[in-house]
Amino acid sequence: MLYAVLRSKIHRARVTEAVLDYQGSLSLDADLMAAADLREFDWVQITSMANGARWQTYVLTAPKGSGTVRANGAAARHFAPGDEVIILAFAYATAEERLRSLPRIVHVDGANQPVTPTGDL
C-alpha cells in the first residue's frame with residue numbers, strides 16, 4: 001500500500017502577482033523551489049490564508065532571488081497580490097518510507113526569501 005504524505009511546505013509566502021491571461025500554474029522563485037525541493041512541473045497545492053481557497057496546479061520556475069509567487073490562469077481568481085499562502089507538495093510513500101521521512105518546511109521573510117524559523121508556526 002502507498003500513503004500520500006507531505007513532502008514539502010512553503011509556509012506563509014505572499015502572492016506577488018495574479019495573472020489571469022495565462023495558461024495556468026504557479027510561478028515560484030527558483031530559490032524557494034530549491035529550498036522546498038521542488039522541480040519545474042511538480043504538482044502542488046496552494047492554500048490561501050485570506051479566503052481558504054485551495055488550488056492544485058504545477059510549478060513553473062521564476063527568476064532566482066525575485067521572491068515571485070505568481071498565481072497564473074484561473075488561480076488568479078482565488079489568489080490576490082499580498083495574500084499569504086501555504087504551498088504544499090505531496091508524495092506517495094510505502095509504510096517503511098512513511099515512518100522514516102519528514103517533510104521539508106520552508107519559512108520565508110516578507111520578501112519571500114527562505115529564512116531559518118524562529119519559534120512556532
# chains A, B, ... in the order shown; residues from 1 in each chain; ligands from 1

$ residues_around --residues "segment 45-59 of chain A" --least-positions-apart "6" --cutoff "6 Å" --atoms "only C-alpha atoms" --output "list in words"
Ser25, Leu26, Ser27, Asp83, Glu84, Val85, Ile86, Ile87 and Leu88 of chain A

$ residues_around --residues "Tyr92 of chain A" --least-positions-apart "3" --cutoff "6 Å" --atoms "only C-alpha atoms" --output "list in words"
Leu2, Tyr3 and Ala4 of chain A

$ residues_around --residues "segment 108-113 of chain A" --least-positions-apart "3" --cutoff "9 Å" --atoms "only C-alpha atoms" --output "ChimeraX atom specification"
/A:10-15,29,31-32,65-69,116-117

$ write_last_selection --atoms "C-alpha atoms" --output "short mmCIF file (atom, residue, chain, number, x, y, z; two decimals), in the first residue's frame"
data_model
loop_
_atom_site.label_atom_id
_atom_site.label_comp_id
_atom_site.auth_asym_id
_atom_site.auth_seq_id
_atom_site.Cartn_x
_atom_site.Cartn_y
_atom_site.Cartn_z
CA ILE A 10 6.46 26.76 1.91
CA HIS A 11 4.80 28.46 4.87
CA ARG A 12 3.11 31.87 4.60
CA ALA A 13 4.61 33.18 1.39
CA ARG A 14 2.95 36.26 -0.11
CA VAL A 15 1.44 36.29 -3.57
CA ASP A 29 11.21 31.94 -7.22
CA ASP A 31 15.40 29.83 -4.55
CA LEU A 32 12.06 28.87 -2.96
CA GLY A 65 16.03 35.83 -5.84
CA SER A 66 12.92 37.51 -7.29
CA GLY A 67 10.58 36.48 -4.47
CA THR A 68 7.98 35.63 -7.12
CA VAL A 69 4.86 33.77 -6.07
CA THR A 116 15.57 29.93 9.42
CA PRO A 117 12.43 29.61 11.54
#

$ residues_around --residues "Ala35 of chain A" --least-positions-apart "5" --cutoff "9 Å" --atoms "only C-alpha atoms" --output "JSON, numbers by chain"
{"A": [10, 30, 104, 105, 106, 114]}

$ residues_around --residues "Gln23 of chain A" --least-positions-apart "5" --cutoff "10 Å" --atoms "only C-alpha atoms" --output "number ranges by chain"
A: 72-74

$ atom_distance --atom1 "atom CA of Phe90 of chain A" --atom2 "atom CA of Glu17 of chain A"
24.2 Å

$ residues_around --residues "Met1 of chain A" --least-positions-apart "3" --cutoff "12 Å" --atoms "only C-alpha atoms" --output "list in words"
Ala4, Tyr92, Ala93, Thr94, Ala95, Glu96, Glu97 and Arg98 of chain A

$ atom_distance --atom1 "atom CA of Leu20 of chain A" --atom2 "atom CA of Ala71 of chain A"
8.0 Å

$ select_by_dssp --residues "chain A" --states "strand (DSSP E or B)" --output "PDB file with C-alpha atoms, in the first residue's frame"
ATOM      1  CA  TYR A   3       0.342   6.534   1.528  1.00  0.00           C
ATOM      2  CA  ALA A   4       0.032  10.158   0.428  1.00  0.00           C
ATOM      3  CA  VAL A   5       2.381  12.196   2.642  1.00  0.00           C
ATOM      4  CA  LEU A   6       3.502  15.796   2.877  1.00  0.00           C
ATOM      5  CA  ARG A   7       6.879  16.118   1.151  1.00  0.00           C
ATOM      6  CA  SER A   8       7.490  19.846   1.491  1.00  0.00           C
ATOM      7  CA  LYS A   9       5.785  23.062   2.503  1.00  0.00           C
ATOM      8  CA  ILE A  10       6.457  26.756   1.910  1.00  0.00           C
ATOM      9  CA  HIS A  11       4.805  28.463   4.867  1.00  0.00           C
ATOM     10  CA  ARG A  12       3.110  31.869   4.598  1.00  0.00           C
ATOM     11  CA  ALA A  13       4.612  33.184   1.393  1.00  0.00           C
ATOM     12  CA  ARG A  14       2.952  36.264  -0.114  1.00  0.00           C
ATOM     13  CA  GLU A  17       1.151  38.692  -8.833  1.00  0.00           C
ATOM     14  CA  ALA A  18      -2.064  37.182 -10.160  1.00  0.00           C
ATOM     15  CA  VAL A  19      -2.150  36.893 -13.963  1.00  0.00           C
ATOM     16  CA  SER A  25       0.252  27.153 -12.982  1.00  0.00           C
ATOM     17  CA  LEU A  26       2.098  28.726 -10.081  1.00  0.00           C
ATOM     18  CA  SER A  27       5.356  30.558 -10.777  1.00  0.00           C
ATOM     19  CA  LEU A  28       7.837  30.380  -7.885  1.00  0.00           C
ATOM     20  CA  ASP A  29      11.215  31.945  -7.220  1.00  0.00           C
ATOM     21  CA  TRP A  43       2.326  19.118  -8.657  1.00  0.00           C
ATOM     22  CA  VAL A  44       1.479  21.385  -5.691  1.00  0.00           C
ATOM     23  CA  GLN A  45      -1.470  22.629  -3.705  1.00  0.00           C
ATOM     24  CA  ILE A  46      -1.667  26.310  -2.813  1.00  0.00           C
ATOM     25  CA  THR A  47      -3.902  27.395   0.075  1.00  0.00           C
ATOM     26  CA  SER A  48      -4.984  30.983   0.740  1.00  0.00           C
ATOM     27  CA  ARG A  54      -7.251  25.566  -2.220  1.00  0.00           C
ATOM     28  CA  TRP A  55      -5.895  25.099  -5.718  1.00  0.00           C
ATOM     29  CA  GLN A  56      -3.891  22.286  -7.282  1.00  0.00           C
ATOM     30  CA  THR A  57      -1.556  23.032 -10.140  1.00  0.00           C
ATOM     31  CA  TYR A  58       2.030  22.642 -11.303  1.00  0.00           C
ATOM     32  CA  VAL A  59       5.067  24.814 -10.614  1.00  0.00           C
ATOM     33  CA  LEU A  60       6.989  26.946 -13.089  1.00  0.00           C
ATOM     34  CA  THR A  61      10.389  28.453 -12.293  1.00  0.00           C
ATOM     35  CA  ALA A  62      10.627  32.223 -11.768  1.00  0.00           C
ATOM     36  CA  VAL A  69       4.856  33.772  -6.066  1.00  0.00           C
ATOM     37  CA  ARG A  70       2.568  34.294  -9.075  1.00  0.00           C
ATOM     38  CA  ALA A  71      -0.870  32.711  -9.475  1.00  0.00           C
ATOM     39  CA  ASN A  72      -1.420  32.115 -13.182  1.00  0.00           C
ATOM     40  CA  GLU A  84      -0.481  34.892   2.443  1.00  0.00           C
ATOM     41  CA  VAL A  85      -0.416  31.338   1.112  1.00  0.00           C
ATOM     42  CA  ILE A  86       0.831  27.914   2.061  1.00  0.00           C
ATOM     43  CA  ILE A  87       2.285  25.833  -0.757  1.00  0.00           C
ATOM     44  CA  LEU A  88       2.247  22.071  -0.239  1.00  0.00           C
ATOM     45  CA  ALA A  89       3.867  19.249  -2.197  1.00  0.00           C
ATOM     46  CA  PHE A  90       2.959  15.628  -1.595  1.00  0.00           C
ATOM     47  CA  ALA A  91       4.482  12.256  -2.410  1.00  0.00           C
ATOM     48  CA  TYR A  92       3.469   8.630  -2.251  1.00  0.00           C
ATOM     49  CA  ALA A  93       5.416   6.539   0.236  1.00  0.00           C
ATOM     50  CA  ARG A 104      10.870  19.855   4.362  1.00  0.00           C
ATOM     51  CA  ILE A 105       9.336  23.042   5.840  1.00  0.00           C
ATOM     52  CA  VAL A 106      10.437  26.374   4.342  1.00  0.00           C
ATOM     53  CA  HIS A 107       9.757  29.612   6.204  1.00  0.00           C
ATOM     54  CA  VAL A 108      10.019  32.915   4.355  1.00  0.00           C
ATOM     55  CA  PRO A 114      13.832  31.457   2.730  1.00  0.00           C
ATOM     56  CA  VAL A 115      14.772  32.040   6.385  1.00  0.00           C
TER      57      VAL A 115
END

$ closest_residue --among "A:Pro63, A:Ala76, A:Pro103, A:Thr16" --to "Asp37 of chain A" --atoms "only C-alpha atoms"
A:Pro103

$ atom_distance --atom1 "atom CA of Gly24 of chain A" --atom2 "atom CA of Phe41 of chain A"
11.3 Å

$ closest_residue --among "A:Asp21, A:His78, A:Lys64, A:Ser101" --to "Met33 of chain A" --atoms "only C-alpha atoms"
A:Lys64
